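Shown next: target_33.txt, containing compact mmCIF, C-alpha atoms.
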```
# COMPACT_ATOMS: atom_id res chain seq x y z
CA MET A 1 0.00 0.00 0.00
CA GLU A 2 2.90 2.36 0.74
CA TYR A 3 4.31 1.93 -2.77
CA PHE A 4 0.90 2.41 -4.33
CA LEU A 5 0.40 5.73 -2.52
CA LEU A 6 3.92 6.83 -3.43
CA ILE A 7 3.42 6.06 -7.11
CA LEU A 8 -0.07 7.55 -7.13
CA GLY A 9 1.25 10.70 -5.46
CA PHE A 10 4.02 11.04 -8.03
CA ILE A 11 1.59 10.51 -10.91
CA LEU A 12 -0.68 13.20 -9.45
CA MET A 13 2.32 15.52 -9.28
CA LEU A 14 2.96 15.03 -13.00
CA VAL A 15 -0.73 15.42 -13.85
CA GLY A 16 -0.74 18.60 -11.77
CA ILE A 17 2.13 20.06 -13.79
CA ILE A 18 0.39 19.16 -17.05
CA GLY A 19 -2.85 20.58 -15.63
CA SER A 20 -1.07 23.83 -14.92
CA ILE A 21 -0.49 24.25 -18.64
CA LEU A 22 -3.85 22.97 -19.87
CA PRO A 23 -6.74 25.15 -18.69
CA ALA A 24 -9.12 22.21 -18.25
CA LEU A 25 -7.27 20.68 -15.31
CA PRO A 26 -6.70 22.45 -11.99
CA GLY A 27 -2.94 21.87 -11.73
CA PRO A 28 -2.01 23.01 -8.20
CA PRO A 29 -4.99 21.32 -6.50
CA ILE A 30 -4.13 18.06 -8.25
CA SER A 31 -0.51 18.45 -7.13
CA TRP A 32 -1.73 19.06 -3.59
CA VAL A 33 -3.60 15.75 -3.67
CA GLY A 34 -0.25 14.15 -4.61
CA ILE A 35 1.26 15.57 -1.40
CA LEU A 36 -1.75 14.30 0.52
CA MET A 37 -1.25 10.80 -0.92
CA LEU A 38 2.29 10.84 0.41
CA TYR A 39 1.10 11.76 3.89
CA LEU A 40 -1.49 8.98 3.80
CA CYS A 41 1.34 6.46 3.93
CA GLU A 42 1.26 4.86 7.37
CA SER A 43 5.02 5.14 7.88
CA ILE A 44 5.10 8.91 7.41
CA SER A 45 3.93 11.20 10.18
CA ILE A 46 1.47 13.80 8.98
CA ASN A 47 2.55 17.43 9.07
CA TYR A 48 -0.72 19.32 9.24
CA TRP A 49 1.02 22.68 8.79
CA ILE A 50 2.47 21.67 5.42
CA LEU A 51 -0.87 20.25 4.32
CA ALA A 52 -2.79 23.33 5.43
CA VAL A 53 -0.40 25.88 3.92
CA THR A 54 -0.10 24.03 0.60
CA LEU A 55 -3.90 23.59 0.46
CA LEU A 56 -4.36 27.31 1.05
CA ILE A 57 -1.85 28.12 -1.69
CA ALA A 58 -3.53 25.69 -4.11
CA PHE A 59 -6.93 27.19 -3.30
CA ILE A 60 -5.76 30.77 -3.81
CA ILE A 61 -3.98 29.91 -7.08
CA GLY A 62 -7.10 28.08 -8.27
CA ILE A 63 -9.20 31.20 -7.71
CA LEU A 64 -6.60 33.54 -9.23
CA ASP A 65 -6.46 31.34 -12.32
CA TYR A 66 -9.96 32.45 -13.22
CA ILE A 67 -9.54 36.06 -12.13
CA ILE A 68 -6.21 37.02 -13.74
CA PRO A 69 -7.14 36.62 -17.45
CA ALA A 70 -10.38 38.53 -16.92
CA LYS A 71 -8.57 41.28 -15.01
CA GLY A 72 -5.95 41.45 -17.76
CA THR A 73 -8.70 41.96 -20.31
CA LYS A 74 -10.36 44.63 -18.20
CA TYR A 75 -7.06 46.38 -17.39
CA PHE A 76 -6.30 46.76 -21.08
CA GLY A 77 -9.72 48.31 -21.73
CA GLY A 78 -11.86 45.26 -22.34
CA SER A 79 -15.55 44.92 -21.63
CA LYS A 80 -17.62 42.08 -20.21
CA TYR A 81 -17.87 40.76 -23.74
CA GLY A 82 -14.11 40.47 -23.88
CA ILE A 83 -14.00 38.74 -20.50
CA TRP A 84 -16.65 36.26 -21.60
CA GLY A 85 -14.82 35.80 -24.88
CA THR A 86 -11.62 35.02 -22.97
CA ASN A 87 -13.32 32.33 -20.92
CA ILE A 88 -15.09 30.81 -23.92
CA GLY A 89 -11.86 30.97 -25.91
CA LEU A 90 -10.06 29.04 -23.17
CA VAL A 91 -12.57 26.21 -23.40
CA VAL A 92 -12.77 26.18 -27.20
CA GLY A 93 -8.99 26.42 -27.49
CA ILE A 94 -8.51 23.20 -25.55
CA PHE A 95 -10.62 21.21 -28.00
CA ALA A 96 -9.61 23.04 -31.18
CA PRO A 97 -7.69 20.74 -33.52
CA ILE A 98 -4.91 23.29 -33.98
CA PRO A 99 -1.53 23.33 -32.29
CA PHE A 100 -1.41 25.53 -29.18
CA GLY A 101 -5.16 26.14 -29.33
CA PHE A 102 -5.20 26.65 -25.57
CA LEU A 103 -2.84 29.61 -26.09
CA ILE A 104 -4.60 31.09 -29.09
CA GLY A 105 -8.15 30.56 -27.76
CA PRO A 106 -8.18 33.22 -25.03
CA PHE A 107 -6.74 35.84 -27.37
CA VAL A 108 -9.15 35.09 -30.21
CA GLY A 109 -12.08 34.77 -27.80
CA ALA A 110 -11.41 38.18 -26.25
CA LEU A 111 -10.90 39.72 -29.69
CA VAL A 112 -14.18 38.30 -31.02
CA GLY A 113 -16.01 39.31 -27.83
CA GLU A 114 -14.75 42.87 -28.08
CA LEU A 115 -15.58 43.06 -31.78
CA ILE A 116 -19.11 41.88 -31.02
CA TYR A 117 -19.34 44.58 -28.36
CA ASN A 118 -18.09 47.32 -30.67
CA SER A 119 -16.87 46.42 -34.15
CA GLN A 120 -15.83 50.01 -34.87
CA GLU A 121 -12.95 50.02 -32.36
CA LYS A 122 -10.64 47.33 -33.68
CA GLY A 123 -7.60 48.82 -31.94
CA ARG A 124 -9.28 48.68 -28.53
CA ALA A 125 -10.43 45.13 -29.22
CA PHE A 126 -6.89 44.07 -30.11
CA LYS A 127 -5.53 45.77 -26.99
CA ALA A 128 -8.08 44.00 -24.78
CA ALA A 129 -7.28 40.66 -26.43
CA THR A 130 -3.59 41.28 -25.77
CA GLY A 131 -4.41 41.93 -22.11
CA SER A 132 -6.32 38.68 -21.99
CA PHE A 133 -3.38 36.79 -23.44
CA ILE A 134 -0.93 38.40 -21.00
CA GLY A 135 -3.27 37.56 -18.12
CA PHE A 136 -3.54 33.97 -19.31
CA LEU A 137 0.24 33.64 -19.57
CA ALA A 138 0.71 35.15 -16.09
CA GLY A 139 -1.83 32.75 -14.61
CA THR A 140 -0.25 29.78 -16.35
CA PHE A 141 3.23 30.77 -15.19
CA MET A 142 1.94 31.08 -11.63
CA LYS A 143 0.28 27.64 -11.74
CA VAL A 144 3.33 25.95 -13.24
CA LEU A 145 5.60 27.53 -10.65
CA VAL A 146 3.40 26.42 -7.75
CA SER A 147 3.04 22.89 -9.15
CA LEU A 148 6.82 22.62 -9.59
CA LEU A 149 7.31 23.84 -6.01
CA PHE A 150 4.84 21.21 -4.83
CA LEU A 151 6.79 18.59 -6.79
CA GLY A 152 9.98 19.79 -5.11
CA LEU A 153 8.32 19.50 -1.69
CA PHE A 154 7.08 16.02 -2.62
CA LEU A 155 10.59 14.92 -3.60
CA VAL A 156 12.09 16.37 -0.41
CA LEU A 157 9.52 14.49 1.67
CA VAL A 158 10.25 11.27 -0.20
CA TRP A 159 13.98 11.78 0.33
CA GLN A 160 13.54 12.49 4.05
CA ASN A 161 11.50 9.30 4.40
CA ARG A 162 13.48 7.16 1.94
CA THR A 163 14.00 4.38 4.49
CA VAL A 164 10.29 3.60 4.23
CA TRP A 165 10.57 2.57 0.58
CA PHE A 166 14.23 1.92 -0.20
```
Give the structure from this file in structure tokens form.
Amino acid sequence: MEYFLLILGFILMLVGIIGSILPALPGPPISWVGILMLYLCESISINYWILAVTLLIAFIIGILDYIIPAKGTKYFGGSKYGIWGTNIGLVVGIFAPIPFGFLIGPFVGALVGELIYNSQEKGRAFKAATGSFIGFLAGTFMKVLVSLLFLGLFLVLVWQNRTVWF
């Protein structure tokens, strides 16, 4: 059972990193579950502080992941149409059969949303779409960084408790 939880935890860490890049999966919360799996091993004493702090971080990052692209759109002059377009573009971009659709989707979605709102101001629409894209990249960078830090913590915990498995 110890090995199963170790392997499952490591797999969840990898899925969390992938989920940090793909908008459909909540990367940091999945990585947090990987840390939890490690602490569910009977031979490892649970550190509730680490679990609580990492859960709080994962929760905050999960919320910010939805807020940052919308705020980027709004900061660069976008409307609610652009914000909705960003969110729809994220979802459509995941399933689009084009390379890097999850990167292109938020930009195109915000651009289309802004053009629907006001087709006369193409420059403002492009600026809002750029803000959406910058917000998406910032959110993705933040999620990847947190998931990699969680992986580092996971590996440190495994190393500190290596006598359990090796």
Kindly indicate which residue among A:Gly62, A:Gly93, A:Ser45, A:Ala138 lies nearest to A:Gly19, using only C-alpha atoms for the distances.
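Ranking A:Gly62, A:Gly93, A:Ser45, A:Ala138 by distance to A:Gly19, first place goes to A:Gly62.
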Pick from A:Leu137, A:Ile57, A:Val108, A:Ile46, whichever lies nearest to A:Leu22 using all atoms listed in the file:
A:Leu137
Report, in Å with one decimal, the straight-line distance from atom CA of A:Ile11 to atom CA of A:Ile68.
27.8 Å
Please work out which residues fall within 10 Å of (-6.8, 33.1, -11.3), coordinates as given in the file, with only C-alpha atoms counting, and return them as number ranges by chain.
A: 59-71, 135-136, 138-140, 142-143
Pick out the closest residue to A:Glu2 from this set: A:Val15, A:Val164, A:Gly72, A:Leu145. Count only C-alpha atoms.
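The shortest atom-to-atom distance to A:Glu2 comes from A:Val164.
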Here atom CA of A:Phe100 and atom CA of A:Phe126 stand apart by 19.4 Å
Mind giving me the straight-line distance from atom CA of A:Ile7 to atom CA of A:Phe102 in Å, one decimal?
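So the two atoms, atom CA of A:Ile7 and atom CA of A:Phe102, lie 29.0 Å apart.
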Among listed residues A:Ile17, A:Ala58, A:Ala110, A:Leu12, nearest A:Phe141 (using only C-alpha atoms):
A:Ile17
Nearest to A:Ser31: which of A:Val144, A:Ala52, A:Val112, A:Val158 is it, counting all atoms listed in the file?
A:Val144
If we count only C-alpha atoms, what is near A:Ala129 at a cut-off of 9 Å, once residues fewer than 4 positions away on the same chain are taken out, given as a CSV table (one decimal) with C-alpha atoms, in the frame of the given file?
```csv
chain,number,residue,atom,x,y,z
A,72,GLY,CA,-6.0,41.4,-17.8
A,73,THR,CA,-8.7,42.0,-20.3
A,76,PHE,CA,-6.3,46.8,-21.1
A,78,GLY,CA,-11.9,45.3,-22.3
A,82,GLY,CA,-14.1,40.5,-23.9
A,86,THR,CA,-11.6,35.0,-23.0
A,106,PRO,CA,-8.2,33.2,-25.0
A,107,PHE,CA,-6.7,35.8,-27.4
A,108,VAL,CA,-9.2,35.1,-30.2
A,109,GLY,CA,-12.1,34.8,-27.8
A,110,ALA,CA,-11.4,38.2,-26.2
A,111,LEU,CA,-10.9,39.7,-29.7
A,112,VAL,CA,-14.2,38.3,-31.0
A,113,GLY,CA,-16.0,39.3,-27.8
A,114,GLU,CA,-14.8,42.9,-28.1
A,124,ARG,CA,-9.3,48.7,-28.5
A,125,ALA,CA,-10.4,45.1,-29.2
A,133,PHE,CA,-3.4,36.8,-23.4
A,134,ILE,CA,-0.9,38.4,-21.0
```
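In terms of minimum interatomic distance to A:Gly9, A:Leu155 ranks closest within A:Leu155, A:Trp165, A:Ile116, A:Leu56, counting all atoms listed in the file.
Residue neighbourhood of A:Val91, excluding near-sequence residues (fewer than 4 positions): Pro23, Ala24, Asn87, Phe95, Phe102 and Gly105 of chain A, at 8 Å, using only C-alpha atoms.
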Pull the neighbourhood of (-0.6, 11.0, -7.1) for me: all residues within 10 Å in file coordinates, counting only C-alpha atoms, as a count of residues only.
22
Can you pull out the residues contacting A:Met1? Cut-off 10 Å, using all atoms listed in the file, and skip same-chain residues under 6 positions away; I want them as a list in words.
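Once the adjacent positions are removed, what remains is Ile7, Leu40, Cys41 and Glu42 of chain A.
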Just need stretch 100-145 of chain A in a file, please: N, CA and C atoms, as a CSV table (one decimal), in the first residue's frame.
```csv
chain,number,residue,atom,x,y,z
A,100,PHE,N,-1.4,24.4,-30.2
A,100,PHE,CA,-1.4,25.5,-29.2
A,100,PHE,C,-2.7,26.3,-29.1
A,101,GLY,N,-3.8,25.5,-29.4
A,101,GLY,CA,-5.2,26.1,-29.3
A,101,GLY,C,-5.5,26.7,-28.0
A,102,PHE,N,-4.9,26.1,-26.9
A,102,PHE,CA,-5.2,26.6,-25.6
A,102,PHE,C,-4.5,28.0,-25.3
A,103,LEU,N,-3.5,28.3,-26.2
A,103,LEU,CA,-2.8,29.6,-26.1
A,103,LEU,C,-3.5,30.6,-27.0
A,104,ILE,N,-4.0,30.2,-28.1
A,104,ILE,CA,-4.6,31.1,-29.1
A,104,ILE,C,-6.0,31.4,-28.7
A,105,GLY,N,-6.7,30.4,-28.1
A,105,GLY,CA,-8.1,30.6,-27.8
A,105,GLY,C,-8.5,31.8,-26.9
A,106,PRO,N,-7.8,32.1,-25.8
A,106,PRO,CA,-8.2,33.2,-25.0
A,106,PRO,C,-8.0,34.5,-25.8
A,107,PHE,N,-7.0,34.6,-26.6
A,107,PHE,CA,-6.7,35.8,-27.4
A,107,PHE,C,-7.8,36.0,-28.4
A,108,VAL,N,-8.1,35.0,-29.2
A,108,VAL,CA,-9.2,35.1,-30.2
A,108,VAL,C,-10.5,35.3,-29.6
A,109,GLY,N,-10.8,34.6,-28.5
A,109,GLY,CA,-12.1,34.8,-27.8
A,109,GLY,C,-12.3,36.2,-27.3
A,110,ALA,N,-11.3,36.8,-26.7
A,110,ALA,CA,-11.4,38.2,-26.2
A,110,ALA,C,-11.6,39.1,-27.4
A,111,LEU,N,-10.8,38.9,-28.5
A,111,LEU,CA,-10.9,39.7,-29.7
A,111,LEU,C,-12.3,39.7,-30.3
A,112,VAL,N,-12.8,38.5,-30.4
A,112,VAL,CA,-14.2,38.3,-31.0
A,112,VAL,C,-15.2,38.9,-30.1
A,113,GLY,N,-15.1,38.7,-28.8
A,113,GLY,CA,-16.0,39.3,-27.8
A,113,GLY,C,-16.0,40.8,-27.9
A,114,GLU,N,-14.8,41.4,-28.0
A,114,GLU,CA,-14.8,42.9,-28.1
A,114,GLU,C,-15.3,43.4,-29.4
A,115,LEU,N,-15.1,42.6,-30.5
A,115,LEU,CA,-15.6,43.1,-31.8
A,115,LEU,C,-17.1,43.0,-31.8
A,116,ILE,N,-17.7,42.0,-31.1
A,116,ILE,CA,-19.1,41.9,-31.0
A,116,ILE,C,-19.7,43.1,-30.2
A,117,TYR,N,-18.9,43.4,-29.2
A,117,TYR,CA,-19.3,44.6,-28.4
A,117,TYR,C,-19.3,45.9,-29.1
A,118,ASN,N,-18.2,46.1,-29.9
A,118,ASN,CA,-18.1,47.3,-30.7
A,118,ASN,C,-17.1,47.0,-31.8
A,119,SER,N,-17.7,46.8,-33.0
A,119,SER,CA,-16.9,46.4,-34.2
A,119,SER,C,-16.1,47.6,-34.7
A,120,GLN,N,-16.5,48.8,-34.3
A,120,GLN,CA,-15.8,50.0,-34.9
A,120,GLN,C,-14.4,50.2,-34.3
A,121,GLU,N,-14.2,49.8,-33.0
A,121,GLU,CA,-13.0,50.0,-32.4
A,121,GLU,C,-12.1,48.8,-32.4
A,122,LYS,N,-11.5,48.5,-33.5
A,122,LYS,CA,-10.6,47.3,-33.7
A,122,LYS,C,-9.4,47.4,-32.9
A,123,GLY,N,-8.8,48.6,-32.7
A,123,GLY,CA,-7.6,48.8,-31.9
A,123,GLY,C,-7.8,48.5,-30.5
A,124,ARG,N,-8.9,49.0,-29.9
A,124,ARG,CA,-9.3,48.7,-28.5
A,124,ARG,C,-9.5,47.2,-28.3
A,125,ALA,N,-10.2,46.6,-29.3
A,125,ALA,CA,-10.4,45.1,-29.2
A,125,ALA,C,-9.1,44.4,-29.2
A,126,PHE,N,-8.2,44.8,-30.1
A,126,PHE,CA,-6.9,44.1,-30.1
A,126,PHE,C,-6.1,44.3,-28.8
A,127,LYS,N,-6.2,45.5,-28.3
A,127,LYS,CA,-5.5,45.8,-27.0
A,127,LYS,C,-6.1,44.9,-25.9
A,128,ALA,N,-7.4,44.8,-25.8
A,128,ALA,CA,-8.1,44.0,-24.8
A,128,ALA,C,-7.7,42.5,-24.9
A,129,ALA,N,-7.7,42.1,-26.2
A,129,ALA,CA,-7.3,40.7,-26.4
A,129,ALA,C,-5.8,40.4,-26.0
A,130,THR,N,-5.0,41.4,-26.2
A,130,THR,CA,-3.6,41.3,-25.8
A,130,THR,C,-3.5,41.2,-24.3
A,131,GLY,N,-4.3,42.0,-23.6
A,131,GLY,CA,-4.4,41.9,-22.1
A,131,GLY,C,-4.9,40.6,-21.6
A,132,SER,N,-5.8,40.0,-22.3
A,132,SER,CA,-6.3,38.7,-22.0
A,132,SER,C,-5.2,37.7,-22.1
A,133,PHE,N,-4.5,37.7,-23.2
A,133,PHE,CA,-3.4,36.8,-23.4
A,133,PHE,C,-2.3,36.9,-22.4
A,134,ILE,N,-2.0,38.2,-22.0
A,134,ILE,CA,-0.9,38.4,-21.0
A,134,ILE,C,-1.4,37.9,-19.7
A,135,GLY,N,-2.7,38.1,-19.4
A,135,GLY,CA,-3.3,37.6,-18.1
A,135,GLY,C,-3.3,36.0,-18.1
A,136,PHE,N,-3.6,35.4,-19.2
A,136,PHE,CA,-3.5,34.0,-19.3
A,136,PHE,C,-2.1,33.4,-19.1
A,137,LEU,N,-1.1,34.1,-19.7
A,137,LEU,CA,0.2,33.6,-19.6
A,137,LEU,C,0.7,33.8,-18.1
A,138,ALA,N,0.3,34.9,-17.5
A,138,ALA,CA,0.7,35.2,-16.1
A,138,ALA,C,0.1,34.1,-15.2
A,139,GLY,N,-1.2,33.8,-15.4
A,139,GLY,CA,-1.8,32.8,-14.6
A,139,GLY,C,-1.2,31.4,-14.8
A,140,THR,N,-0.9,31.1,-16.1
A,140,THR,CA,-0.2,29.8,-16.4
A,140,THR,C,1.1,29.7,-15.7
A,141,PHE,N,1.9,30.8,-15.8
A,141,PHE,CA,3.2,30.8,-15.2
A,141,PHE,C,3.1,30.5,-13.7
A,142,MET,N,2.1,31.2,-13.1
A,142,MET,CA,1.9,31.1,-11.6
A,142,MET,C,1.6,29.6,-11.3
A,143,LYS,N,0.7,29.0,-12.0
A,143,LYS,CA,0.3,27.6,-11.7
A,143,LYS,C,1.4,26.7,-11.9
A,144,VAL,N,2.2,26.8,-13.0
A,144,VAL,CA,3.3,25.9,-13.2
A,144,VAL,C,4.4,26.1,-12.1
A,145,LEU,N,4.6,27.3,-11.7
A,145,LEU,CA,5.6,27.5,-10.6
A,145,LEU,C,5.2,26.9,-9.3
```
